[in-house]
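J.: Have a look at the structure that comes next, please.
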Amino acid sequence: MSYLEYNLRTVPTGLRKVLYVNWPLALLLSAVAAIGFLMLYSVAGGRADVWAEPQMKRFAAGMVAMLAIGFVPIWFWRNISALAYLIALALLVAVEFFGAIGMGAQRWIDLGPVRLQPSELMKVALVMALAAYYDWLDIRKISHPLWVAIPALLVIAPAALVLKQPDLGTAILLLAGGGIVMFVAGVSLWYFGTVIALVVALVFAVMESRGTDWQLIEDYQFKRIDTFLDPGSDPLGAGYNITQAQIALGSGGWAGKGYMQGTQSRLNFLPEKHTDFIFTTLAEEFGYVGSVFLLILYGLIVGFGVASAMANKDRYASLLTYGVTATFFLFFSVNMGMVMGLMPVVGVPLPLVSYGGTAMIILLGAFGLVQSAHIHRPRQG
Amino acid sequence: MRRNAKDIEESARRISRRGLIIASVQAVTVASLAFRMRYLQVDQADQFRLLAEENSIKIRLVPPARGLIQDRNGTVVAGNEQNFRITITREEAGDTDAVLARIARLIPLSEDDLQRTRKELERRSPTLPITVADRLSWENFSRIAVNAPALPGVTTEVGLSRMYPLGPDFAHVLGYVGPVSDYDLSKLADPDPLLQIPRFQIGKLGVEARMEDVLRGEAGSRRIEVNSTGRVMRELGRKDGVPGANVRLTIDYLLQNYVQARLGEQSAAAVVIDVRNGDILAINSAPSFDPNLFVRGISAADYAMLTENDHRPLADKSVQGAYPPGSTFKMVTALAALEAGAFGPNETVYCPGYTELGKRRFHCWKRAGHGRLSLVESLEQSCDVFYYEVAQRAGIENISAMARRLGIGEAFDLPMSAVSDGLAPDKDWKLKKYGTDWLVGDTFNAGIGQGFVLGTPLQLAIMTARIASGRAIRPRLLKSVADREAASPEAPPIGISESSLDAVRQGMFRVINSRRGTAYGSRIVDDAMVMAGKTGTSQVRNISAAERAAGVISNDDLPWERRDHALFVCFGPFEAPRYAVSIVVEHGGGGSAAAAPIARDILLQALNGGLPPLTAYPESQRTRIEAERKELQLIEPIADSSGKSRA
């Protein structure tokens with residue numbers, strides 16, 4: 001269905017669009033961000049100016065961006081999807097050459113006041129491009145090998161670039177996010193079965209390659225895998241984080257130690273307490289109740305996203321909404337799984353809560369696309 | 001694109017179906033996350049709460065003892081000494097200013113120390129101990145220890161600190177260690193946790209820096225129990241680290257000490273090399289400095305004194321200093337011409353005191369000229385005109401190839417800092433560097449070791465050793481690492497005919513042992529220790545035609561920094577070469593007067609394994625030599641040279 005088929009009279013126009021915004025979704029996003037502000041205030045030892053305030057400003061900017069993007073008709077976004085993807089890809093290539101080095105990896109482009117992290121941009125652009133692709137593609141060709149190869153390449157190219165930075169976490173998010181969009185679009189299950197089998201084989205090969213001449217990943221990545229499998233193996237180094245994170249989480253108990261009372265986080269056991277490991281502070285200070293509350297909020301955001309996607313009869317809008325929601329889902333589940341010791345530490349922030357430069361604005365911008373899809377969905381009548 | 005309604009329906013249904021599958025997977029994931037939370041926070045809560053309290057049990061890194069650096073016979077030249085220090089931890093101290101004030105009342109603390117401590121306290125993590133003062137006397141140390149209950153967060157520690165027992169003698173070879181800086185950390189991708197220890201010492205320069213990986217060792221850890229104020233109550237367990245491995249140098253500390261003393265306060269460098277295997281027995285640069293100052297944190301005034309000194313004590317002239325080799329290069333020119341067949345071994349050249357090239361006159365150092373000379377005589381008397389002719393015949397390509405073959409312009413991989421490559425120039429090099437063609441005048445200059453040619457004292461010693469041995473020996477500075485003997489570099493025959501080498505060696509013999517030789521005054525009369533060598537004087541200024549007409553200004557009348565560099569290379573004993581010595585005295589004047597006597601003393605010292613009997617010197621010089629010796633401040637040989645003791 002293309003925009004020519006929209007019953008344009010039923011699509012809200014002008015300020016009336018405000019009434020059609022997916023307000024429950026916006027409210028849930030704000031609630032999660034508010035929890036983030038509280039936690040950032042707490043981990044800074046009761047200071048707002050360190051992390052909480054800049055984060056609030058970014059959130060405000062992000063909300064404005066979300067609404068602005070949401071008010072632009074969805075067909076505009078579809079038409080620029082391919083362009084957005086190409087720009088993001090070009091930036092990823094550029095970061096290879098001009099990027100700044102941070103935390104041992106090359107991830108940013110320094111643009112004076114802002115640091116642009118193209119991999120963040122790519123997470124959204126990839127979803128847009130895949131949604132546009134499947135919107136364009138004749139549905140009978142979806143599982144044809146050639147027409148599977150093209151989107152697969154669209155996913156693999158940026159993932160490979162990101163992996164080279166090296167940023168394993170983002171690469172996995174890109175692969176998984178892209179894979180989910182392809183799955184929802186209806187690509188034959190055989191492909192996914194094959195890929196999963198290959199991944200298992202690859203993991204096996206990587207583990208076998210250790211210490212040989214053809215070692216496939218960096219030593220520090222092996223170290224992370226070791227630490228994941230047995231945090232006790234390196235209690236002073238990498239395993240320290242995981243052990244301390246679990247102590248923080250576990251010692252929170254049912255109701256937590258109380259706001260700003262967490263001893264673990266107070267004692268600075270975690271070097272990345274305001275970014276990747278912020279969930280541990282929440283869990284310590286608000287206990288099981290607080291953790292589950294945040295998890296429910298996240299679950300509801302995904303739920304509202306899925307509901308909006310299912311109700312949308314436009315293929316692009318629907319796939320885009322699934323894609324953005326799935327990426328969001330991957331963010332928080334990988335982060336939580338990581339701090340709870342269910343996954344290796346791969347460096348993925350907790351969305352809307354972790355302190356982060358461009359990540360929050362881009363995430364809210366992505367939800368702006370979801371809003372646009374929601375506001376401009378085809379209606380009967 | 002228009003599609004039929006059936007397709008659209010089908011597509012929407014499929015997307016919803018797949019979407020539902022994804023949504024259920026997501027729901028299951030969220031549920032399992034919730035279960036994991038429940039497991040950690042409810043089922044295991046008691047255990048983790050206990051662990052959180054047990055975080056009063058802390059793990060501290062224990063720095064390993066840094067590996068020793070020894071001389072070739074095991075005498076420690078870089079060791080560790082006990083260092084009493086006190087540290088403060090912000091998190092445990094609470095009001096750090098009050099605690100610091102209390103410390104300052106107990107022991108003398110300078111305002112600088114206090115300020116640095118405050119700054120570091122602010123910058124570093126609150127759980128990291130920050131050093132307040134180190135190298136405390138035992139008395140002050142115990143004063144703090146006794147008053148511990150009134151000083152929360154303050155810990156007394158006994159650590160190890162680097163010590164260089166021979167101070168200035170080894171400063172340039174060993175370099176020094178210093179506290180890790182942010183700059184050091186920024187250069188590393190995956191820093192060793194040890195580097196996070198405040199004021200942890202790492203090599204900054206020289207062998208200390210280049211052998212850092214070997215010397216550092218691995219951290220140990222200590223599990224300690226602390227009470228609520230952070231005071232250490234008891235030690236629960238200890239895992240010893242791995243101490244750094246020892247490194248043994250090829251240097252002989254007594255010879256190194258002698259050379260340093262002999263060079264004194266002159267701006268000079270000397271290298272002594274074993275002709276047979278390339279072992280460096282002494283490698284000195286003067287004036288030197290005390291590396292212990294850098295370990296303790298050098299004061300601004302001391303540092304300024306070192307940097308403002310025009311004799312550049314901080315520079316290692318033995319490997320970093322590249323000098324025009326002057327006449328010591330004439331062996332290279334001679335060998336290049338002989339080997340290329342451009343000059344016959346029995347040919348002679350007439351020296352009228354100058355030679356002309358177009359309108360330009362190239363002078364010999366001897367205004368009146370040397371008359372007719374053979375090759376051996378040309379070296380003996382160091383005739384310049386002879387070498388203008390020989391250089392022109394050999395051509396620059398042959399000369400620079402020979403220079404490289406003998407080690408000038410060759411990069412030697414020694415574990416020292418900023419080792420210079422020197423320079424053996426050729427036509428391509430000049431075209432690339434200056435964009436102009438090579439001129440015959442350039443060849444003239446190169447032939448007598450002036451102009452573009454540059455060699456370091458190390459390279460000159462290698463050149464001499466290669467001429468003496470006829471083999472391509474390479475320098476070796478590391479004798480063993482972690483008690484494993486380092487391999488001697490291979491020394492294949494150098495590929496120069498024995499007859500050419502013999503002619504050159506004969507010339508070098510006559511330089512010292514013939515009455516007309518330029519270094520006759522520095523001969524050795526002991527038959528077992530006869531030496532051969534070559535003087536060199538390299539200009540650092542241009543002599544104008546006007547000055548030449550009025551008579552060249554003598555070095556003594558010039559300001560120090562415009563005087564010529566004095567050079568000398570030698571080997572001995574002549575019949576069975578054992579050691580090669582090179583020496584450069586910056587702005588020392590002529591090589592025969594300023595450099596040759598020092599080189600002789602050094603060679604004799606090396607051959608004799610200690611101060612040589614006066615009978616090795618010509619009789620007329622013995623009284624003066626004896627007087628000079630009394631001035632030298634040498635160390636007594638250190639009795640215990642096992643190297644096993646750790647201070």
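Labeling convention for the structure tokens: chains A, B, ... as they appear, residues from 1 per chain, ligands from 1 in order of appearance.
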Need to verify the contact set: range 66-74 of chain A, 8 Å, only C-alpha atoms, exclusion of same-chain residues closer than 6 positions in sequence. Can you return it as a PyMOL selection string?
T.: chain A and resi 17+21+317+364-373+375-376
J.: Kindly save the residues from that selection, with N, CA and C atoms included, as a short mmCIF file (atom, residue, chain, number, x, y, z; two decimals), in the first residue's frame.
T.:
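File result.cif, as written:
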data_model
loop_
_atom_site.label_atom_id
_atom_site.label_comp_id
_atom_site.auth_asym_id
_atom_site.auth_seq_id
_atom_site.Cartn_x
_atom_site.Cartn_y
_atom_site.Cartn_z
N LYS A 17 -3.10 16.68 14.87
CA LYS A 17 -2.22 15.51 15.05
C LYS A 17 -1.90 15.25 16.52
N VAL A 21 -1.36 11.47 18.70
CA VAL A 21 -0.08 10.94 19.18
C VAL A 21 -0.35 9.75 20.08
N ALA A 317 5.06 1.13 7.64
CA ALA A 317 4.84 1.65 9.00
C ALA A 317 4.88 0.51 10.01
N LEU A 364 14.93 8.47 21.07
CA LEU A 364 13.65 9.18 21.06
C LEU A 364 13.27 9.56 19.63
N GLY A 365 14.27 9.89 18.83
CA GLY A 365 14.00 10.17 17.42
C GLY A 365 13.38 8.95 16.75
N ALA A 366 13.90 7.77 17.09
CA ALA A 366 13.36 6.54 16.52
C ALA A 366 11.90 6.36 16.94
N PHE A 367 11.64 6.69 18.20
CA PHE A 367 10.24 6.60 18.63
C PHE A 367 9.38 7.66 17.94
N GLY A 368 10.04 8.73 17.49
CA GLY A 368 9.32 9.72 16.67
C GLY A 368 8.81 9.07 15.39
N LEU A 369 9.61 8.18 14.81
CA LEU A 369 9.17 7.46 13.61
C LEU A 369 7.96 6.59 13.94
N VAL A 370 8.05 5.94 15.11
CA VAL A 370 6.92 5.10 15.54
C VAL A 370 5.66 5.96 15.69
N GLN A 371 5.83 7.18 16.25
CA GLN A 371 4.69 8.09 16.40
C GLN A 371 4.16 8.49 15.04
N SER A 372 5.06 8.77 14.11
CA SER A 372 4.62 9.16 12.78
C SER A 372 3.80 8.04 12.15
N ALA A 373 4.30 6.81 12.31
CA ALA A 373 3.57 5.66 11.77
C ALA A 373 2.19 5.57 12.41
N ILE A 375 0.40 8.06 13.94
CA ILE A 375 -0.48 9.18 13.63
C ILE A 375 -1.04 9.06 12.21
N HIS A 376 -0.17 8.65 11.28
CA HIS A 376 -0.58 8.64 9.88
C HIS A 376 -1.01 7.26 9.40
#
J.: Run DSSP on the backbone and tell me which residues of range 361-499 of chain B come out as strand (DSSP E); list them as a list in words.
T.: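 Here is the list: Arg361, Phe362, His363, Gly371, Arg372, Leu373, Ser374, Leu478, Lys479, Ser480, Val481, Arg484 and Glu485 of chain B.
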J.: Produce a file of the selected residues containing C-alpha atoms, as a PDB file, in the first residue's frame.
T.:
ATOM      1  CA  ARG B 361      90.336  25.397  -3.276  1.00  0.00           C
ATOM      2  CA  PHE B 362      90.212  22.475  -0.836  1.00  0.00           C
ATOM      3  CA  HIS B 363      92.908  22.770   1.803  1.00  0.00           C
ATOM      4  CA  GLY B 371     104.646  16.020  -0.241  1.00  0.00           C
ATOM      5  CA  ARG B 372     104.374  12.575  -1.804  1.00  0.00           C
ATOM      6  CA  LEU B 373     102.564  10.021   0.340  1.00  0.00           C
ATOM      7  CA  SER B 374     101.672   6.333   0.216  1.00  0.00           C
ATOM      8  CA  LEU B 478      72.046  -7.484  26.994  1.00  0.00           C
ATOM      9  CA  LYS B 479      74.091 -10.368  28.305  1.00  0.00           C
ATOM     10  CA  SER B 480      71.196 -12.285  29.787  1.00  0.00           C
ATOM     11  CA  VAL B 481      67.534 -11.776  30.537  1.00  0.00           C
ATOM     12  CA  ARG B 484      68.873 -16.904  30.051  1.00  0.00           C
ATOM     13  CA  GLU B 485      71.951 -15.949  28.106  1.00  0.00           C
TER      14      GLU B 485
END
J.: Give the residues of chain B that lie within 6 Å of chain A; count only C-alpha atoms, and format the answer as an MDAnalysis selection string.
T.: chainID B and resid 15:16 18:19 40:42 45 48:49 189
J.: Can you write out the residues you just picked, keeping all heavy atoms, as a PDB file, in the first residue's frame?
T.:
ATOM      1  N   ILE B  15       2.672 -10.586   8.441  1.00  0.00           N
ATOM      2  CA  ILE B  15       3.418  -9.721   9.363  1.00  0.00           C
ATOM      3  C   ILE B  15       2.865  -9.855  10.773  1.00  0.00           C
ATOM      4  O   ILE B  15       3.624  -9.982  11.747  1.00  0.00           O
ATOM      5  CB  ILE B  15       3.376  -8.259   8.876  1.00  0.00           C
ATOM      6  CG1 ILE B  15       4.233  -8.120   7.626  1.00  0.00           C
ATOM      7  CG2 ILE B  15       3.852  -7.299   9.959  1.00  0.00           C
ATOM      8  CD1 ILE B  15       4.244  -6.742   7.035  1.00  0.00           C
ATOM      9  N   SER B  16       1.542  -9.891  10.889  1.00  0.00           N
ATOM     10  CA  SER B  16       0.955 -10.015  12.222  1.00  0.00           C
ATOM     11  C   SER B  16       1.335 -11.340  12.866  1.00  0.00           C
ATOM     12  O   SER B  16       1.655 -11.408  14.046  1.00  0.00           O
ATOM     13  CB  SER B  16      -0.572  -9.919  12.133  1.00  0.00           C
ATOM     14  OG  SER B  16      -0.924  -8.628  11.719  1.00  0.00           O
ATOM     15  N   ARG B  18       3.999 -13.295  12.219  1.00  0.00           N
ATOM     16  CA  ARG B  18       5.413 -13.268  12.627  1.00  0.00           C
ATOM     17  C   ARG B  18       5.622 -12.321  13.804  1.00  0.00           C
ATOM     18  O   ARG B  18       6.395 -12.600  14.711  1.00  0.00           O
ATOM     19  CB  ARG B  18       6.297 -12.827  11.451  1.00  0.00           C
ATOM     20  CG  ARG B  18       6.417 -13.856  10.334  1.00  0.00           C
ATOM     21  CD  ARG B  18       7.316 -14.991  10.768  1.00  0.00           C
ATOM     22  NE  ARG B  18       7.454 -16.027   9.766  1.00  0.00           N
ATOM     23  CZ  ARG B  18       8.413 -16.066   8.842  1.00  0.00           C
ATOM     24  NH1 ARG B  18       9.302 -15.097   8.793  1.00  0.00           N
ATOM     25  NH2 ARG B  18       8.475 -17.055   7.991  1.00  0.00           N
ATOM     26  N   GLY B  19       4.911 -11.194  13.753  1.00  0.00           N
ATOM     27  CA  GLY B  19       5.013 -10.221  14.846  1.00  0.00           C
ATOM     28  C   GLY B  19       4.619 -10.845  16.165  1.00  0.00           C
ATOM     29  O   GLY B  19       5.253 -10.613  17.200  1.00  0.00           O
ATOM     30  N   LEU B  40      18.067 -13.687  42.118  1.00  0.00           N
ATOM     31  CA  LEU B  40      19.173 -12.941  42.725  1.00  0.00           C
ATOM     32  C   LEU B  40      18.718 -12.147  43.944  1.00  0.00           C
ATOM     33  O   LEU B  40      19.390 -12.102  44.962  1.00  0.00           O
ATOM     34  CB  LEU B  40      19.793 -11.976  41.708  1.00  0.00           C
ATOM     35  CG  LEU B  40      20.615 -12.571  40.577  1.00  0.00           C
ATOM     36  CD1 LEU B  40      21.018 -11.480  39.593  1.00  0.00           C
ATOM     37  CD2 LEU B  40      21.871 -13.241  41.119  1.00  0.00           C
ATOM     38  N   GLN B  41      17.559 -11.504  43.794  1.00  0.00           N
ATOM     39  CA  GLN B  41      17.185 -10.504  44.811  1.00  0.00           C
ATOM     40  C   GLN B  41      16.337 -11.062  45.931  1.00  0.00           C
ATOM     41  O   GLN B  41      16.223 -10.440  46.986  1.00  0.00           O
ATOM     42  CB  GLN B  41      16.453  -9.344  44.137  1.00  0.00           C
ATOM     43  CG  GLN B  41      17.334  -8.645  43.132  1.00  0.00           C
ATOM     44  CD  GLN B  41      16.749  -7.326  42.706  1.00  0.00           C
ATOM     45  OE1 GLN B  41      15.888  -7.270  41.847  1.00  0.00           O
ATOM     46  NE2 GLN B  41      17.213  -6.258  43.314  1.00  0.00           N
ATOM     47  N   VAL B  42      15.660 -12.198  45.682  1.00  0.00           N
ATOM     48  CA  VAL B  42      14.827 -12.745  46.745  1.00  0.00           C
ATOM     49  C   VAL B  42      15.434 -14.047  47.275  1.00  0.00           C
ATOM     50  O   VAL B  42      15.773 -14.145  48.449  1.00  0.00           O
ATOM     51  CB  VAL B  42      13.379 -12.962  46.256  1.00  0.00           C
ATOM     52  CG1 VAL B  42      12.531 -13.543  47.375  1.00  0.00           C
ATOM     53  CG2 VAL B  42      12.811 -11.651  45.749  1.00  0.00           C
ATOM     54  N   ALA B  45      19.119 -13.398  48.225  1.00  0.00           N
ATOM     55  CA  ALA B  45      19.358 -12.082  48.832  1.00  0.00           C
ATOM     56  C   ALA B  45      20.246 -12.171  50.066  1.00  0.00           C
ATOM     57  O   ALA B  45      21.179 -11.384  50.218  1.00  0.00           O
ATOM     58  CB  ALA B  45      18.031 -11.425  49.182  1.00  0.00           C
ATOM     59  N   PHE B  48      23.881 -12.602  49.229  1.00  0.00           N
ATOM     60  CA  PHE B  48      24.496 -11.410  48.645  1.00  0.00           C
ATOM     61  C   PHE B  48      24.612 -10.280  49.664  1.00  0.00           C
ATOM     62  O   PHE B  48      25.543  -9.490  49.615  1.00  0.00           O
ATOM     63  CB  PHE B  48      23.713 -10.933  47.417  1.00  0.00           C
ATOM     64  CG  PHE B  48      24.014 -11.732  46.187  1.00  0.00           C
ATOM     65  CD1 PHE B  48      23.030 -12.461  45.551  1.00  0.00           C
ATOM     66  CD2 PHE B  48      25.304 -11.759  45.670  1.00  0.00           C
ATOM     67  CE1 PHE B  48      23.315 -13.206  44.415  1.00  0.00           C
ATOM     68  CE2 PHE B  48      25.596 -12.503  44.541  1.00  0.00           C
ATOM     69  CZ  PHE B  48      24.598 -13.229  43.911  1.00  0.00           C
ATOM     70  N   ARG B  49      23.621 -10.222  50.564  1.00  0.00           N
ATOM     71  CA  ARG B  49      23.693  -9.172  51.577  1.00  0.00           C
ATOM     72  C   ARG B  49      24.939  -9.385  52.432  1.00  0.00           C
ATOM     73  O   ARG B  49      25.652  -8.458  52.780  1.00  0.00           O
ATOM     74  CB  ARG B  49      22.425  -9.195  52.430  1.00  0.00           C
ATOM     75  CG  ARG B  49      22.067  -7.825  52.960  1.00  0.00           C
ATOM     76  CD  ARG B  49      20.678  -7.827  53.560  1.00  0.00           C
ATOM     77  NE  ARG B  49      19.633  -7.748  52.550  1.00  0.00           N
ATOM     78  CZ  ARG B  49      18.437  -8.351  52.657  1.00  0.00           C
ATOM     79  NH1 ARG B  49      18.163  -9.098  53.713  1.00  0.00           N
ATOM     80  NH2 ARG B  49      17.540  -8.207  51.720  1.00  0.00           N
ATOM     81  N   ALA B 189      46.671   0.398  25.361  1.00  0.00           N
ATOM     82  CA  ALA B 189      45.295   0.000  25.038  1.00  0.00           C
ATOM     83  C   ALA B 189      44.668  -0.734  26.224  1.00  0.00           C
ATOM     84  O   ALA B 189      43.541  -0.473  26.604  1.00  0.00           O
ATOM     85  CB  ALA B 189      45.291  -0.890  23.814  1.00  0.00           C
TER      86      ALA B 189
END
J.: Just give me the gap between CA of Trp429 in chain B and CA of Ala401 in chain B in Å, one decimal is fine.
T.: 12.6 Å
J.: Could you pull out the alpha helix (DSSP H) residues of range 212-358 of chain B from DSSP and send them as a PyMOL selection string?
T.: chain B and resi 212-216+253-263+291-296+300-308+330-340
J.: I'd like the contact shell of range 597-599 of chain B - 9 Å cut-off, only C-alpha atoms, skipping same-chain residues fewer than 3 positions apart - returned as a list of chain:residue names.
T.: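 Using only C-alpha atoms, the neighbours found are B:Val259, B:Arg262, B:Leu263, B:Ala270, B:Ala519, B:Gly521, B:Ser522, B:Arg523, B:Phe568, B:Val569, B:Cys570, B:Val581, B:Ser582, B:Ile583, B:Ser592, B:Ala593, B:Ala594, B:Ile602, B:Leu603, B:Leu604.
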J.: Using Å and a single decimal, report how far CA of Ala566 in chain B sits from CA of Ile553 in chain B.
T.: 16.2 Å
J.: Near Gly409 in chain B, within 7 Å and counting only C-alpha atoms, which residues show up once chain neighbours fewer than 5 positions away are dropped, as a PyMOL selection string?
T.: chain B and resi 404+421-424+455
J.: Mind dumping the selected residues with C-alpha atoms as a PDB file, in the first residue's frame?
T.:
ATOM      1  CA  ARG B 404      77.312   1.251   5.749  1.00  0.00           C
ATOM      2  CA  ASP B 421      71.002   5.974  12.729  1.00  0.00           C
ATOM      3  CA  GLY B 422      73.835   8.287  11.700  1.00  0.00           C
ATOM      4  CA  LEU B 423      74.120   8.931   7.989  1.00  0.00           C
ATOM      5  CA  ALA B 424      76.079   7.531   5.053  1.00  0.00           C
ATOM      6  CA  GLY B 455      78.323   8.756  12.801  1.00  0.00           C
TER       7      GLY B 455
END
J.: What is the distance, in Å and to one decimal place, between CA of Ser538 in chain B and CA of Cys383 in chain B?
T.: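 Separation between CA of Ser538 in chain B and CA of Cys383 in chain B: 14.1 Å.
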